[in-house]
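Step one of this worksheet: look at the structure below.
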Amino acid sequence: MTNTMLVTLLMIACPYAAAMEITVTGTTVHMSGPVVGGECDKLKQIISTSQINLVVLSNSNGGNANTGYCIGETIRKHKISTSIEGFCLSSCSRMWLGGVTRKLEGDDSTVGLHGNYKNSGHLIDESTTRLRAWIPRFAPDVDVALMNQWTELFYSKQMMYFYNKRAALCLNGRNDCSNIRGKNVFNAGLATQ
């Protein structure tokens, strides 16, 4: 049996094997991995039984857009802060933006933003309006010109990355990137600390 066949069989037999890992340490929830759906209900359950002050997001390429919105809204409703250790891309960025305070841990941590996409990887045009209305509710100081640019990126592999000291627009995954002169996560209106 080839490795590809084994991975395919595992995905069929264990569809949630690659689900986001969610753990609680004291008053902090750690969320890592792909957003597959169901994570918002899990977070709500944790919040209903524990005092949570911080959600740490790490190493997530995103996934289910509606789950990202739901988690961001839940975090804000309960006045919880967010932090990124590593990378938090796509729908994970909506989760991070829910924080009443938001930060990136260290110079290499990044938040990656773009629009919402079909399974084909092409932009869902009607989703742009929702996203452009949603982001300023959670990040009122967002740089609107940058937001308009990242929400219009046509392919899912295109992303605008923000770091503590810089920002970049990547048009082919992490290849073909160009720095966005003078911009970073703070002056783009995304991080609060």
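In the structure tokens, the first chain shown is A, the next is B, and so on; residue numbers restart at 1 for each chain, and ligands run from 1 in the order shown.
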Exercise: Thr67 (chain A) partners within 8 Å, only C-alpha atoms, chain neighbours under 5 positions left out, as an MDAnalysis selection string: chainID A and resid 35:40 91
Please build the interface table for region 55-116 of chain A against region 156-171 of chain A with a cut-off of 6 Å, listing for each qualifying residue the nearest atom pair and the distance in Å to one decimal; count only C-alpha atoms, order rows by chain and increasing number, and write it as a tab-separated table.
residue	atom	partner	partner_atom	distance
A:Asp107	CA	A:Asn164	CA	5.7
A:Thr110	CA	A:Tyr163	CA	4.9
A:Val111	CA	A:Phe162	CA	5.4
A:Gly112	CA	A:Tyr161	CA	4.4
A:Leu113	CA	A:Met160	CA	5.3
A:His114	CA	A:Met159	CA	5.3
Going by DSSP on the backbone, which bits of region 60-101 of chain A are helix (DSSP H, G or I)? Write them as number ranges by chain, please. A: 65-77, 91-97
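The coordinates place CA of Ala133 (chain A) at 28.3 Å from CA of Ser48 (chain A).
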